[in-house]
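Below: one structure, written as structure tokens.
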Amino acid sequence: PARKSKTSKDSSSELAVCHMLLAELEAHRCAWPFLTPVNHKAVPGYKKVIKRPMDFSTIKEKLTSNHYLNLETFIADINLVFDNCKKFNEDQSEIGKAGYNMKRFFNKRWTELLQ
Ligand SMILES: Cn1cc(C(=O)NCCN2CCCC2)ccc1=O
């Protein structure tokens, strides 16, 4: 039978998974560059190069204020954090390596939880 539109149960359990995933990301030892917005006054070039800054504290604020309509928009912001990191930092820099580790960890965890 055709699936009804997404029930509130589905989206509330998806929301619980998003909170859990975000908490795990914030607790990761490599999360330190991503916990708060990059201070573009202290990081030359960042404001010009990175058009859509994103960080874990901003995602948490959006999550708790019901900004995310669905799982996909939440995952898109998480991936924006890592895409910005890859764009701005050398792969072998400390922050570049941290971003790569966090992206691998996130991909592993959300596929375990949601697929
Ligand atoms: C994601 N990202 C972060 C930075 C950065 O400098 N973050 C501050 C890190 N410090 C840790 C303790 C206080 C602040 C620079 C470029 C970049 O792409």
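A note on labels: chains of the structure tokens are A, B, ... as shown, every chain counts residues from 1, and ligands are counted from 1 in their shown order.
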
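Those protein and nucleic acid residues that have any atom within 8 Å of ligand 1 are, using only C-alpha atoms and all ligand atoms, A:Trp32, A:Pro33, A:Phe34, A:Thr36, A:Pro37, A:Val38, A:Asn39, A:Ala42, A:Val43, A:Tyr46, A:Asp55, A:Val81, A:Asn84, A:Cys85, A:Lys86, A:Phe88, A:Asn89, A:Ile95, A:Gly96, A:Gly99.
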
Would you export the selected residues with N, CA and C atoms as a PDB file, in the first residue's frame, please?
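This went into out_38.pdb:
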ATOM      1  N   TRP A  32      37.142  20.197  17.675  1.00  0.00           N
ATOM      2  CA  TRP A  32      37.509  21.530  18.181  1.00  0.00           C
ATOM      3  C   TRP A  32      37.457  22.662  17.145  1.00  0.00           C
ATOM      4  N   PRO A  33      37.812  22.432  15.853  1.00  0.00           N
ATOM      5  CA  PRO A  33      37.722  23.584  14.924  1.00  0.00           C
ATOM      6  C   PRO A  33      36.299  23.951  14.535  1.00  0.00           C
ATOM      7  N   PHE A  34      35.333  23.073  14.845  1.00  0.00           N
ATOM      8  CA  PHE A  34      33.983  23.203  14.296  1.00  0.00           C
ATOM      9  C   PHE A  34      32.923  23.532  15.328  1.00  0.00           C
ATOM     10  N   THR A  36      32.364  26.230  17.199  1.00  0.00           N
ATOM     11  CA  THR A  36      31.774  27.584  17.163  1.00  0.00           C
ATOM     12  C   THR A  36      32.094  28.225  15.815  1.00  0.00           C
ATOM     13  N   PRO A  37      31.374  29.294  15.437  1.00  0.00           N
ATOM     14  CA  PRO A  37      31.627  29.931  14.132  1.00  0.00           C
ATOM     15  C   PRO A  37      33.088  30.374  14.006  1.00  0.00           C
ATOM     16  N   VAL A  38      33.662  30.200  12.828  1.00  0.00           N
ATOM     17  CA  VAL A  38      35.020  30.689  12.588  1.00  0.00           C
ATOM     18  C   VAL A  38      35.016  32.217  12.759  1.00  0.00           C
ATOM     19  N   ASN A  39      35.982  32.717  13.539  1.00  0.00           N
ATOM     20  CA  ASN A  39      36.092  34.166  13.744  1.00  0.00           C
ATOM     21  C   ASN A  39      36.779  34.781  12.527  1.00  0.00           C
ATOM     22  N   ALA A  42      39.714  37.028  12.794  1.00  0.00           N
ATOM     23  CA  ALA A  42      40.999  36.454  13.221  1.00  0.00           C
ATOM     24  C   ALA A  42      41.581  35.530  12.155  1.00  0.00           C
ATOM     25  N   VAL A  43      40.751  35.159  11.150  1.00  0.00           N
ATOM     26  CA  VAL A  43      41.213  34.207  10.123  1.00  0.00           C
ATOM     27  C   VAL A  43      41.181  34.901   8.769  1.00  0.00           C
ATOM     28  N   TYR A  46      38.868  34.278   5.326  1.00  0.00           N
ATOM     29  CA  TYR A  46      37.749  33.355   5.526  1.00  0.00           C
ATOM     30  C   TYR A  46      36.428  33.948   5.039  1.00  0.00           C
ATOM     31  N   ASP A  55      28.729  25.879  11.529  1.00  0.00           N
ATOM     32  CA  ASP A  55      29.456  25.228  12.628  1.00  0.00           C
ATOM     33  C   ASP A  55      28.453  24.492  13.505  1.00  0.00           C
ATOM     34  N   VAL A  81      29.640  22.172   6.859  1.00  0.00           N
ATOM     35  CA  VAL A  81      30.778  22.375   7.768  1.00  0.00           C
ATOM     36  C   VAL A  81      32.039  21.747   7.174  1.00  0.00           C
ATOM     37  N   ASN A  84      33.164  23.386   3.715  1.00  0.00           N
ATOM     38  CA  ASN A  84      33.866  24.648   3.961  1.00  0.00           C
ATOM     39  C   ASN A  84      35.299  24.371   4.422  1.00  0.00           C
ATOM     40  N   CYS A  85      35.437  23.390   5.317  1.00  0.00           N
ATOM     41  CA  CYS A  85      36.757  23.048   5.864  1.00  0.00           C
ATOM     42  C   CYS A  85      37.692  22.598   4.751  1.00  0.00           C
ATOM     43  N   LYS A  86      37.179  21.744   3.871  1.00  0.00           N
ATOM     44  CA  LYS A  86      38.013  21.205   2.790  1.00  0.00           C
ATOM     45  C   LYS A  86      38.424  22.325   1.825  1.00  0.00           C
ATOM     46  N   PHE A  88      38.829  25.562   2.564  1.00  0.00           N
ATOM     47  CA  PHE A  88      39.687  26.604   3.130  1.00  0.00           C
ATOM     48  C   PHE A  88      41.027  26.094   3.639  1.00  0.00           C
ATOM     49  N   ASN A  89      41.108  24.836   3.991  1.00  0.00           N
ATOM     50  CA  ASN A  89      42.305  24.300   4.651  1.00  0.00           C
ATOM     51  C   ASN A  89      43.035  23.272   3.789  1.00  0.00           C
ATOM     52  N   ILE A  95      43.700  21.327  10.872  1.00  0.00           N
ATOM     53  CA  ILE A  95      42.247  21.513  10.731  1.00  0.00           C
ATOM     54  C   ILE A  95      41.727  20.706   9.541  1.00  0.00           C
ATOM     55  N   GLY A  96      42.517  20.642   8.461  1.00  0.00           N
ATOM     56  CA  GLY A  96      42.113  19.831   7.309  1.00  0.00           C
ATOM     57  C   GLY A  96      41.961  18.370   7.693  1.00  0.00           C
ATOM     58  N   GLY A  99      38.855  17.856   9.854  1.00  0.00           N
ATOM     59  CA  GLY A  99      37.629  17.857   9.050  1.00  0.00           C
ATOM     60  C   GLY A  99      37.400  16.541   8.355  1.00  0.00           C
TER      61      GLY A  99
END

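Within the 12 Å cut-off around Leu63 of chain A, using only C-alpha atoms and omitting residues fewer than 3 positions from it on the same chain, the listed residues are Ser12, Glu14, Leu15, Ala16, Val17, Cys18, His19, Met20, Leu21, Leu22, Ala23, Phe56, Ser57, Thr58, Ile59, Lys60, Asn66, His67, Tyr68, Leu69, Asn70, Leu71, Thr73, Phe74, Ile75, Asp77 and Ile78 of chain A.
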
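Using only C-alpha atoms for every distance, the candidate list A:Lys62, A:Asp91, A:Met102, A:Thr111 yields A:Met102 as the residue closest to Ala27 of chain A.
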
Would you give me, as a PDB file with C-alpha atoms, in the first residue's frame, the residues in segment 5-61 of chain A that DSSP reads as helix (DSSP H, G or I)?
ATOM      1  CA  SER A   8       4.812  13.205  13.050  1.00  0.00           C
ATOM      2  CA  LYS A   9       6.271  10.083  14.723  1.00  0.00           C
ATOM      3  CA  ASP A  10       8.756   9.627  11.859  1.00  0.00           C
ATOM      4  CA  SER A  11       9.902  13.247  11.989  1.00  0.00           C
ATOM      5  CA  SER A  12      10.131  13.323  15.794  1.00  0.00           C
ATOM      6  CA  SER A  13      12.235  10.131  15.816  1.00  0.00           C
ATOM      7  CA  GLU A  14      14.352  11.592  12.995  1.00  0.00           C
ATOM      8  CA  LEU A  15      14.752  14.722  15.127  1.00  0.00           C
ATOM      9  CA  ALA A  16      15.912  12.582  18.065  1.00  0.00           C
ATOM     10  CA  VAL A  17      18.495  10.965  15.794  1.00  0.00           C
ATOM     11  CA  CYS A  18      19.718  14.413  14.684  1.00  0.00           C
ATOM     12  CA  HIS A  19      20.201  15.501  18.328  1.00  0.00           C
ATOM     13  CA  MET A  20      22.065  12.284  19.070  1.00  0.00           C
ATOM     14  CA  LEU A  21      24.277  12.583  15.994  1.00  0.00           C
ATOM     15  CA  LEU A  22      25.101  16.218  16.784  1.00  0.00           C
ATOM     16  CA  ALA A  23      25.984  15.340  20.392  1.00  0.00           C
ATOM     17  CA  GLU A  24      28.372  12.646  19.157  1.00  0.00           C
ATOM     18  CA  LEU A  25      29.990  15.068  16.705  1.00  0.00           C
ATOM     19  CA  GLU A  26      30.469  17.707  19.420  1.00  0.00           C
ATOM     20  CA  ALA A  27      32.063  15.108  21.739  1.00  0.00           C
ATOM     21  CA  TRP A  32      37.509  21.530  18.181  1.00  0.00           C
ATOM     22  CA  PRO A  33      37.722  23.584  14.924  1.00  0.00           C
ATOM     23  CA  PHE A  34      33.983  23.203  14.296  1.00  0.00           C
ATOM     24  CA  TYR A  46      37.749  33.355   5.526  1.00  0.00           C
ATOM     25  CA  LYS A  47      34.904  35.847   5.046  1.00  0.00           C
ATOM     26  CA  LYS A  48      35.703  36.293   1.335  1.00  0.00           C
ATOM     27  CA  VAL A  49      36.315  32.623   0.507  1.00  0.00           C
ATOM     28  CA  PHE A  56      28.065  22.792  15.209  1.00  0.00           C
ATOM     29  CA  SER A  57      26.774  25.470  17.617  1.00  0.00           C
ATOM     30  CA  THR A  58      24.775  27.116  14.807  1.00  0.00           C
ATOM     31  CA  ILE A  59      23.349  23.730  13.791  1.00  0.00           C
ATOM     32  CA  LYS A  60      22.364  23.041  17.402  1.00  0.00           C
ATOM     33  CA  GLU A  61      20.601  26.412  17.617  1.00  0.00           C
TER      34      GLU A  61
END

* Pick the closest to Gly45 of chain A from A:Gln115, A:Gln92, A:Lys103, A:Lys87: which is it, counting only C-alpha atoms? -> A:Lys87

* Work out how far atom CA of Glu112 of chain A is from atom CA of Glu94 of chain A, in Å to one decimal. => 27.2 Å

* What separation in Å, quoted to one decimal, exists between atom CA of Asn107 of chain A and atom CA of Leu80 of chain A? -> 13.2 Å

* Structure fact -> Among A:Arg29, A:Asn79, A:Arg109, A:Glu72, Pro53 of chain A is approached most closely, using only C-alpha atoms, by A:Asn79

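If you measure from each of A:Ala76, A:Ala2, A:Ile50, A:Ala31 to Tyr100 of chain A using only C-alpha atoms, the closest one turns out to be A:Ala31.
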